[in-house]
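S.K.: The structure file entry_32.csv (CSV, C-alpha atoms and all ligand atoms) is provided below.
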```
chain,number,residue,atom,x,y,z
X,155,MET,CA,-40.5,-118.8,-127.0
X,156,GLU,CA,-37.3,-116.9,-126.3
X,157,ASN,CA,-35.9,-114.9,-129.2
X,158,CYS,CA,-39.0,-115.3,-131.3
X,159,LEU,CA,-40.0,-112.0,-132.9
X,160,PHE,CA,-43.7,-112.9,-133.1
X,161,CYS,CA,-43.8,-114.2,-129.5
X,162,LYS,CA,-42.4,-110.8,-128.5
X,163,ILE,CA,-45.0,-109.0,-130.6
X,164,ALA,CA,-47.7,-111.2,-129.1
X,165,ALA,CA,-46.5,-110.4,-125.6
X,166,GLY,CA,-46.4,-106.6,-126.4
X,167,GLN,CA,-42.6,-106.4,-125.9
X,168,ILE,CA,-42.3,-105.2,-129.5
X,169,PRO,CA,-44.9,-102.8,-130.8
X,170,SER,CA,-47.2,-103.7,-133.7
X,171,SER,CA,-50.0,-102.0,-135.6
X,172,LYS,CA,-52.8,-104.2,-134.2
X,173,VAL,CA,-55.9,-105.0,-136.2
X,174,TYR,CA,-57.5,-107.6,-133.9
X,175,GLU,CA,-56.6,-109.4,-130.7
X,176,ASP,CA,-58.2,-111.9,-128.4
X,177,GLU,CA,-56.9,-114.5,-125.9
X,178,GLN,CA,-55.6,-116.9,-128.6
X,179,VAL,CA,-54.7,-114.9,-131.7
X,180,LEU,CA,-53.3,-111.5,-132.8
X,181,ALA,CA,-53.6,-109.8,-136.2
X,182,PHE,CA,-51.3,-106.9,-137.0
X,183,ARG,CA,-50.1,-105.0,-140.1
X,184,ASP,CA,-47.0,-106.3,-141.9
X,185,ILE,CA,-44.1,-104.0,-141.5
X,186,ALA,CA,-43.2,-104.3,-145.2
X,187,PRO,CA,-46.6,-104.5,-146.9
X,188,GLN,CA,-46.8,-106.2,-150.3
X,189,ALA,CA,-50.4,-105.1,-150.9
X,190,PRO,CA,-52.6,-102.2,-149.8
X,191,VAL,CA,-53.9,-104.6,-147.1
X,192,HIS,CA,-51.2,-106.9,-145.7
X,193,VAL,CA,-52.1,-108.2,-142.2
X,194,LEU,CA,-50.4,-111.1,-140.4
X,195,VAL,CA,-52.5,-113.4,-138.2
X,196,ILE,CA,-50.6,-115.4,-135.5
X,197,PRO,CA,-51.4,-117.7,-132.7
X,198,LYS,CA,-50.2,-116.1,-129.4
X,199,LYS,CA,-48.9,-119.6,-128.4
X,200,HIS,CA,-45.6,-120.5,-130.2
X,201,VAL,CA,-46.1,-122.9,-133.1
X,202,SER,CA,-43.1,-123.0,-135.4
X,203,GLY,CA,-45.0,-123.9,-138.6
X,204,TRP,CA,-47.6,-126.2,-140.1
X,205,TYR,CA,-45.3,-129.2,-139.8
X,206,ASP,CA,-44.9,-128.5,-136.1
X,207,ALA,CA,-48.7,-128.3,-135.4
X,208,GLN,CA,-50.0,-131.1,-133.3
X,209,GLU,CA,-53.6,-132.5,-133.2
X,210,GLU,CA,-54.1,-130.6,-129.9
X,211,ASN,CA,-53.7,-127.4,-132.0
X,212,ASP,CA,-56.5,-128.2,-134.4
X,213,ALA,CA,-59.0,-125.7,-132.8
X,214,LEU,CA,-56.3,-123.0,-132.8
X,215,LEU,CA,-55.5,-123.6,-136.5
X,216,ALA,CA,-59.2,-123.3,-137.4
X,217,LYS,CA,-59.4,-120.2,-135.3
X,218,LEU,CA,-56.5,-118.7,-137.3
X,219,MET,CA,-58.3,-119.3,-140.6
X,220,ARG,CA,-61.5,-117.8,-139.2
X,221,THR,CA,-59.6,-114.8,-137.9
X,222,ALA,CA,-58.1,-114.3,-141.4
X,223,SER,CA,-61.6,-114.1,-142.8
X,224,ALA,CA,-62.7,-111.8,-140.0
X,225,VAL,CA,-59.7,-109.5,-140.7
X,226,ALA,CA,-60.6,-109.4,-144.4
X,227,LYS,CA,-64.1,-108.3,-143.4
X,228,MET,CA,-62.7,-105.6,-141.1
X,229,GLU,CA,-60.4,-104.4,-143.8
X,230,GLY,CA,-63.3,-104.2,-146.3
X,231,ILE,CA,-61.8,-106.6,-148.9
X,232,VAL,CA,-64.3,-109.4,-148.8
X,233,ASP,CA,-66.2,-108.3,-151.9
X,234,SER,CA,-63.1,-107.3,-153.9
X,235,GLY,CA,-61.4,-110.6,-152.8
X,236,PHE,CA,-58.3,-111.4,-150.8
X,237,ARG,CA,-55.5,-114.0,-150.6
X,238,VAL,CA,-54.4,-115.9,-147.6
X,239,VAL,CA,-50.8,-117.2,-147.7
X,240,SER,CA,-48.7,-119.1,-145.3
X,241,ASN,CA,-45.0,-119.7,-146.1
X,242,CYS,CA,-43.6,-122.9,-144.7
X,243,GLY,CA,-39.8,-123.6,-144.7
X,244,ALA,CA,-36.9,-122.4,-146.7
X,245,ASP,CA,-38.1,-122.9,-150.3
X,246,ALA,CA,-41.3,-121.0,-149.4
X,247,GLN,CA,-39.2,-118.1,-148.0
X,248,GLN,CA,-40.5,-118.4,-144.4
X,249,THR,CA,-38.4,-115.9,-142.5
X,250,VAL,CA,-40.1,-115.9,-139.1
X,251,LYS,CA,-40.4,-119.4,-137.6
X,252,HIS,CA,-43.7,-118.7,-135.8
X,253,LEU,CA,-46.8,-119.9,-137.6
X,254,HIS,CA,-48.6,-117.0,-139.4
X,255,LEU,CA,-51.0,-116.3,-142.1
X,256,HIS,CA,-50.6,-113.3,-144.5
X,257,VAL,CA,-54.0,-111.7,-145.4
X,258,LEU,CA,-53.4,-109.8,-148.7
X,259,GLY,CA,-55.8,-107.6,-150.6
X,260,GLY,CA,-56.8,-104.2,-151.8
X,261,ARG,CA,-55.6,-104.8,-155.3
X,262,ALA,CA,-55.7,-107.5,-157.9
X,263,MET,CA,-53.2,-110.2,-157.1
X,264,ALA,CA,-50.8,-111.7,-159.7
X,265,GLY,CA,-52.4,-114.6,-161.5
X,266,GLU,CA,-49.6,-116.9,-160.6
X,267,MET,CA,-49.2,-118.0,-157.0
X,268,ALA,CA,-45.5,-118.7,-157.2
H,1,LIG,P1,-42.6,-114.9,-143.8
H,1,LIG,O1,-41.5,-114.3,-144.7
H,1,LIG,O2,-43.7,-115.6,-144.5
H,1,LIG,O3,-42.0,-115.7,-142.6
H,1,LIG,O4,-43.3,-113.6,-143.2
H,1,LIG,C1,-42.8,-112.8,-142.1
H,1,LIG,C2,-43.4,-111.4,-142.3
H,1,LIG,O5,-43.1,-110.7,-141.1
H,1,LIG,C3,-42.7,-110.6,-143.5
H,1,LIG,O6,-43.7,-110.3,-144.4
H,1,LIG,C4,-42.2,-109.4,-142.7
H,1,LIG,O7,-42.3,-108.2,-143.5
H,1,LIG,C5,-43.0,-109.4,-141.5
H,1,LIG,N1,-42.4,-108.7,-140.3
H,1,LIG,C6,-41.1,-108.8,-139.9
H,1,LIG,N2,-40.9,-108.1,-138.8
H,1,LIG,C7,-42.1,-107.5,-138.5
H,1,LIG,C8,-42.5,-106.6,-137.5
H,1,LIG,N3,-41.7,-106.2,-136.5
H,1,LIG,N4,-43.8,-106.2,-137.5
H,1,LIG,C9,-44.6,-106.6,-138.5
H,1,LIG,N5,-44.3,-107.4,-139.5
H,1,LIG,C10,-43.0,-107.9,-139.5
```
Would you mind giving the structure from this file in structure tokens?
Ligand code: AMP

M.R.:
Amino acid sequence: MENCLFCKIAAGQIPSSKVYEDEQVLAFRDIAPQAPVHVLVIPKKHVSGWYDAQEENDALLAKLMRTASAVAKMEGIVDSGFRVVSNCGADAQQTVKHLHLHVLGGRAMAGEMA
């Protein structure tokens, strides 16, 4: 999608610190990390958010979750634990309107989620 930051990253038009990539998904380090490990997992195809995901995207959504787990393994945070977050809409502070998961770990998270 034109003027979408994550579409441009997925297309390689904007550089990213890549952690994993295949035909459907890309995982890259967040530019402003909030934990020692902070990786974003995105579908290469533009999906605005969870509310925008159609049934035809079900396999892709499952793939995103599985990739988040794979990233946690690659980053060595499976045993210590990790958090997967996805902000959706204004109240959740979603700033980039391209569906993404935050994989956070490498330190103990706050006990409260919000
Ligand atoms: P959200 O606020 O949930 O929409 O998450 C968007 C995330 O994208 C934020 O954590 C930003 O720090 C991150 N971000 C913004 N621009 C870039 C970029 N060029 N490369 C990597 N991460 C980015």

S.K.: Excluding same-chain residues fewer than 2 positions from stretch 194-197 of chain X, what lies within 7 Å of it counting only C-alpha atoms, as a ChimeraX atom specification?

M.R.: /X:178-184,192,199-200,218,222,253-257

S.K.: Please list as number ranges by chain every residue within 9 Å of stretch 230-238 of chain X, counting only C-alpha atoms and excluding residues in the same chain fewer than 4 positions away.

M.R.: X: 191, 219, 222-223, 225-226, 255-263

S.K.: Give me the chain X side of the contact with ligand LIG 1 (chain H), cut-off 8 Å, one line per residue showing its nearest atom pair and distance in Å at one decimal, counting only C-alpha atoms and all ligand atoms, sorted by chain and residue number, as a tab-separated table.

M.R.:
```
residue	atom	partner	partner_atom	distance
X:Leu159	CA	H:LIG1	N3	7.0
X:Phe160	CA	H:LIG1	N3	7.8
X:Ile163	CA	H:LIG1	N3	7.3
X:Ile168	CA	H:LIG1	N3	7.1
X:Pro169	CA	H:LIG1	N3	7.4
X:Ser170	CA	H:LIG1	N4	5.7
X:Ser171	CA	H:LIG1	C9	7.7
X:Phe182	CA	H:LIG1	C9	6.9
X:Arg183	CA	H:LIG1	C9	5.9
X:Asp184	CA	H:LIG1	N5	3.8
X:Ile185	CA	H:LIG1	N5	3.9
X:Ala186	CA	H:LIG1	O7	4.3
X:Pro187	CA	H:LIG1	O7	6.6
X:Gln188	CA	H:LIG1	O6	7.8
X:Leu194	CA	H:LIG1	N5	7.2
X:Val239	CA	H:LIG1	O2	8.0
X:Ser240	CA	H:LIG1	O2	6.2
X:Asn241	CA	H:LIG1	O2	4.6
X:Cys242	CA	H:LIG1	O2	7.3
X:Ala246	CA	H:LIG1	O2	7.7
X:Gln247	CA	H:LIG1	O1	5.5
X:Gln248	CA	H:LIG1	O3	3.6
X:Thr249	CA	H:LIG1	O3	3.6
X:Val250	CA	H:LIG1	O3	4.0
X:Lys251	CA	H:LIG1	O3	6.4
X:His252	CA	H:LIG1	O3	7.6
X:His254	CA	H:LIG1	O2	7.2
X:Leu255	CA	H:LIG1	O2	7.7
X:His256	CA	H:LIG1	O2	7.3
```

S.K.: Give me, please, the distance in Å between atom CA of X:Ala213 and atom CA of X:Tyr174, quoted to one decimal.

M.R.: 18.2 Å

S.K.: So, counting all atoms listed in the file, which residue among X:Asp245, X:Glu229, X:Glu266, X:Asp176 is closest to X:Lys217?

M.R.: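 Ranking X:Asp245, X:Glu229, X:Glu266, X:Asp176 by distance to X:Lys217, first place goes to X:Asp176.
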
S.K.: To one decimal place in Å, what is the distance between atom CA of X:Gly203 and atom CA of X:Asn157?

M.R.: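 Separating atom CA of X:Gly203 from atom CA of X:Asn157 is a distance of 15.9 Å.
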
S.K.: When you draw a straight line from atom CA of X:Met267 to atom CA of X:Ala207, how long is it in Å?

M.R.: 23.9 Å

S.K.: Just checking: using all atoms listed in the file, which residue out of X:Val173, X:Val193, X:Gly243, X:Lys227 ends up closest to X:Tyr205?

M.R.: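 Nearest candidate to X:Tyr205 out of X:Val173, X:Val193, X:Gly243, X:Lys227: X:Gly243.
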
S.K.: Of the candidates X:Met155, X:Ala216, X:Met228, X:Ala165, which one gets nearest to X:Val201 if we count only C-alpha atoms?

M.R.: X:Met155
